[in-house]
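The structure under discussion appears below in the form of structure tokens.
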Amino acid sequence: MTPRLLKRLGSLWPGRKSTLPLALATGMLTCTVYAGAPDQVTNIFKPLSTPAESVYQAALLTLAVCAVIFLIVGGLLTYTTIRFRRRAADDGLEPPQIYGSNQIELAWTVLPVLIVFVLILVTARTIADVQNQPAPPDSLKVTVVGHQWWWEIRYPELGIVTANEVHVPASDAAKRKLTFLRLESADVAHSFWVPQLAGKTDLIPNRVNMMWIEPKQAGTYLGNCAEYCGTQHARMLLRVIAHEPDDFARWAAAQQQNGVEDAQVKAGRQVFFSTSCVNCHAVSGTAAKGRFGPDLTHLMSRDTLGSGVVPNTPEKLRAWVRDPQTIKEGALMPNMQLSDKELDQLVAYLLTLK
Ligand code: CUA
């Protein structure tokens, strides 16, 4: 829309010259939808999992109803504004004042009630469809524990513990494979949200919530915490990685292995076990059994550090261990005040934890 046209529209609205163009511009911005590639942004418009598809259908219906109402109201308003604008030949008197019409009053009471009722029914049905899905015996069970500010991921039946990246098998129409998530919190309320897979579900202290996902394509799905949980809430990112069944089996088998014991990084392992790292972190098959921080057994198999804050590269890992606060201020991991040599040794050890 050109500035001239905006100005012209604005001039149709006596005394409100600046607000009409502003309102129109705001409306246009609000309607701009970012439709990016599925793997690079969180996207509610490209559902790829049964619960997300149900939510998407209900949302489309709601959007369509709202769009029709918007067009009718906006159309009438525009028509009236133009048709009955003040003209030079006006006598300056008020037009006839008409009060009350039973038909009109009834119409604009009953119609919205009906519309809202239909939306309630559709919403209730969608919620029921998603929530009443029984867990098939072959479904994968994953426990997700929210922490300030990272995700603890446990596979009780597979004996796997990891963090921030939920690996699941992809589902296909011939052989559906559902993943049921048991959601808990270690501290405050968080919310698990991967828009392409399902709606949001809160992780609440002293309570267990359930949700399920069914990714229909292999690939990485991005998500994030959707409940304000402290200063780093916005950087409590999440990824769900769906694999073809064989790949998932391979991933699981690798994750079930104990931490690698590489003689070449003995010095680094000593640093790890002689500092308080072990109070918070676990490496399976060793004495490190801490649970306050992410399990490090297969640290280098993960794409990111600090729950999605930086890519998991040797440089970033070194910077993170040197002082996590420079990367994620407020994270509960302190600066361990290691010397450069200790830092090099420790990072060399961590790099072997594949
Ligand atoms: Cu966790 Cu917001």
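If you're wondering about the labels, chains in the structure tokens are A, B, ... by order shown, residues count from 1 in each chain, ligands from 1 in order shown.
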#### Entry: Selection near stretch 187-189 of chain A, 8 Å with only C-alpha atoms, sequence-local residues under 5 positions removed, as number ranges by chain
A: 146-148, 202-205, 227-229
I need the residues from that last selection saved to file as a PDB file, in the first residue's frame (with N, CA and C atoms), if you can.
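As written to disk, result_9.pdb reads:
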```pdb
ATOM      1  N   GLY A 146      12.138 -30.777  33.214  1.00  0.00           N
ATOM      2  CA  GLY A 146      12.539 -29.390  32.977  1.00  0.00           C
ATOM      3  C   GLY A 146      13.427 -28.895  34.105  1.00  0.00           C
ATOM      4  N   HIS A 147      14.510 -28.223  33.746  1.00  0.00           N
ATOM      5  CA  HIS A 147      15.405 -27.603  34.724  1.00  0.00           C
ATOM      6  C   HIS A 147      15.625 -26.164  34.288  1.00  0.00           C
ATOM      7  N   GLN A 148      15.998 -25.289  35.202  1.00  0.00           N
ATOM      8  CA  GLN A 148      16.457 -23.955  34.810  1.00  0.00           C
ATOM      9  C   GLN A 148      17.894 -24.106  34.320  1.00  0.00           C
ATOM     10  N   ASP A 202       2.610 -28.172  29.917  1.00  0.00           N
ATOM     11  CA  ASP A 202       3.461 -27.666  30.990  1.00  0.00           C
ATOM     12  C   ASP A 202       4.180 -28.780  31.735  1.00  0.00           C
ATOM     13  N   LEU A 203       5.375 -28.441  32.237  1.00  0.00           N
ATOM     14  CA  LEU A 203       6.111 -29.318  33.150  1.00  0.00           C
ATOM     15  C   LEU A 203       6.026 -28.626  34.503  1.00  0.00           C
ATOM     16  N   ILE A 204       5.356 -29.261  35.453  1.00  0.00           N
ATOM     17  CA  ILE A 204       5.032 -28.598  36.713  1.00  0.00           C
ATOM     18  C   ILE A 204       5.637 -29.377  37.867  1.00  0.00           C
ATOM     19  N   PRO A 205       6.275 -28.678  38.825  1.00  0.00           N
ATOM     20  CA  PRO A 205       6.876 -29.380  39.962  1.00  0.00           C
ATOM     21  C   PRO A 205       5.824 -30.213  40.702  1.00  0.00           C
ATOM     22  N   GLU A 227       6.991 -21.449  28.704  1.00  0.00           N
ATOM     23  CA  GLU A 227       6.421 -20.926  29.947  1.00  0.00           C
ATOM     24  C   GLU A 227       7.556 -20.174  30.631  1.00  0.00           C
ATOM     25  N   TYR A 228       7.334 -18.901  30.936  1.00  0.00           N
ATOM     26  CA  TYR A 228       8.432 -18.116  31.501  1.00  0.00           C
ATOM     27  C   TYR A 228       8.961 -18.778  32.775  1.00  0.00           C
ATOM     28  N   CYS A 229      10.278 -19.068  32.774  1.00  0.00           N
ATOM     29  CA  CYS A 229      10.829 -19.845  33.885  1.00  0.00           C
ATOM     30  C   CYS A 229      12.095 -19.209  34.450  1.00  0.00           C
TER      31      CYS A 229
END
```
### Query
Residues of stretch 18-260 of chain A in helix (DSSP H, G or I) according to DSSP, as a PyMOL selection string?
chain A and resi 19-31+50-83+102-131+233-235+245-255
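For A:Val321, the set of protein, DNA and RNA residues having any atom at most 9 Å away, when counting only C-alpha atoms and skipping those fewer than 3 positions along the same chain, is Lys316, Leu317, Arg318, Pro324, Met333, Pro334, Asn335, Met336, Leu338, Leu343, Leu346 and Val347 of chain A.
Using only C-alpha atoms, the contacts of A:Val116 at a cut-off of 12 Å, with sequence neighbours closer than 4 positions omitted, comprise Leu61, Thr62, Val65, Cys66, Thr109, Val110, Leu111, Pro112, Ile120, Leu121, Val122 and Thr123 of chain A.
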Could those selected residues go to a file with N, CA and C atoms, as a compact mmCIF listing (two decimals), in the first residue's frame?
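And here's selection-v7.txt as it stands now:
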```
# COMPACT_ATOMS: atom_id res chain seq x y z
N LEU A 61 -9.80 -23.50 11.28
CA LEU A 61 -11.23 -23.19 11.32
C LEU A 61 -11.46 -21.87 12.06
N THR A 62 -10.79 -21.74 13.23
CA THR A 62 -10.94 -20.51 14.01
C THR A 62 -10.48 -19.30 13.22
N VAL A 65 -13.07 -18.46 10.49
CA VAL A 65 -14.25 -17.79 11.05
C VAL A 65 -13.91 -16.33 11.38
N CYS A 66 -12.75 -16.14 12.01
CA CYS A 66 -12.35 -14.78 12.37
C CYS A 66 -12.13 -13.93 11.12
N THR A 109 -26.67 -10.97 18.73
CA THR A 109 -26.48 -11.73 19.95
C THR A 109 -26.44 -13.23 19.62
N VAL A 110 -27.40 -13.66 18.84
CA VAL A 110 -27.53 -15.10 18.57
C VAL A 110 -26.38 -15.62 17.69
N LEU A 111 -26.04 -14.86 16.65
CA LEU A 111 -24.99 -15.33 15.74
C LEU A 111 -23.66 -15.58 16.46
N PRO A 112 -23.15 -14.61 17.22
CA PRO A 112 -21.88 -14.86 17.92
C PRO A 112 -21.99 -16.04 18.89
N ILE A 120 -16.34 -24.01 20.41
CA ILE A 120 -16.16 -24.78 21.65
C ILE A 120 -16.23 -26.28 21.34
N LEU A 121 -17.22 -26.67 20.54
CA LEU A 121 -17.38 -28.09 20.23
C LEU A 121 -16.14 -28.62 19.49
N VAL A 122 -15.68 -27.86 18.50
CA VAL A 122 -14.52 -28.31 17.72
C VAL A 122 -13.30 -28.40 18.63
N THR A 123 -13.12 -27.39 19.49
CA THR A 123 -11.95 -27.40 20.39
C THR A 123 -12.03 -28.59 21.35
```
### Message
Using only C-alpha atoms, which protein or nucleic acid residues come within 12 Å of stretch 241-246 of chain A? Drop anything in the same chain fewer than 4 positions from it, and give the result as a ChimeraX atom specification.
### Response
/A:39,48-49,140,164-172,175-179,194,197,213-223,250-253,302-303
### Message
Restricting the calculation to only C-alpha atoms and all ligand atoms: of A:Lys200, A:Arg291, A:Lys354, A:His281, which residue gets closest to ligand 1?
### Response
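When distances to ligand 1 are compared using only C-alpha atoms and all ligand atoms, the smallest one comes from A:Lys200.
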### Message
I need the residues in stretch 46-261 of chain A that are strand (DSSP E or B) according to DSSP; give them as number ranges by chain.
### Response
A: 49, 140-147, 150-155, 160-163, 165-169, 179-185, 190-193, 201-203, 205, 209-213, 215, 219-225, 237-243
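The residue that comes closest to A:Gln337, out of A:Thr275, A:Asn312, A:Ser139, A:Thr352 and on the basis of only C-alpha atoms, is A:Thr275.
In terms of minimum interatomic distance to A:Lys289, A:Ser276 ranks closest within A:Gln133, A:Ser276, A:Ser185, A:Thr50, counting only C-alpha atoms.
Of the listed residues A:Val161, A:Val145, A:Ala174, A:Leu332, the one whose atoms come nearest to ligand 1 is A:Val145, with distances taken using only C-alpha atoms and all ligand atoms.
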### Query
A:Val55, A:Ala287, A:Met236, A:Ala267: which is nearest ligand 1, counting only C-alpha atoms and all ligand atoms?
A:Met236
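Counting from atom CA of A:Leu60, the distance to atom CA of A:Phe180 is 25.8 Å.
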#### Entry: Selection: 10 Å around A:Ala234, only C-alpha atoms, excl. self and same-chain fewer than 3 positions, as a count of residues only
11
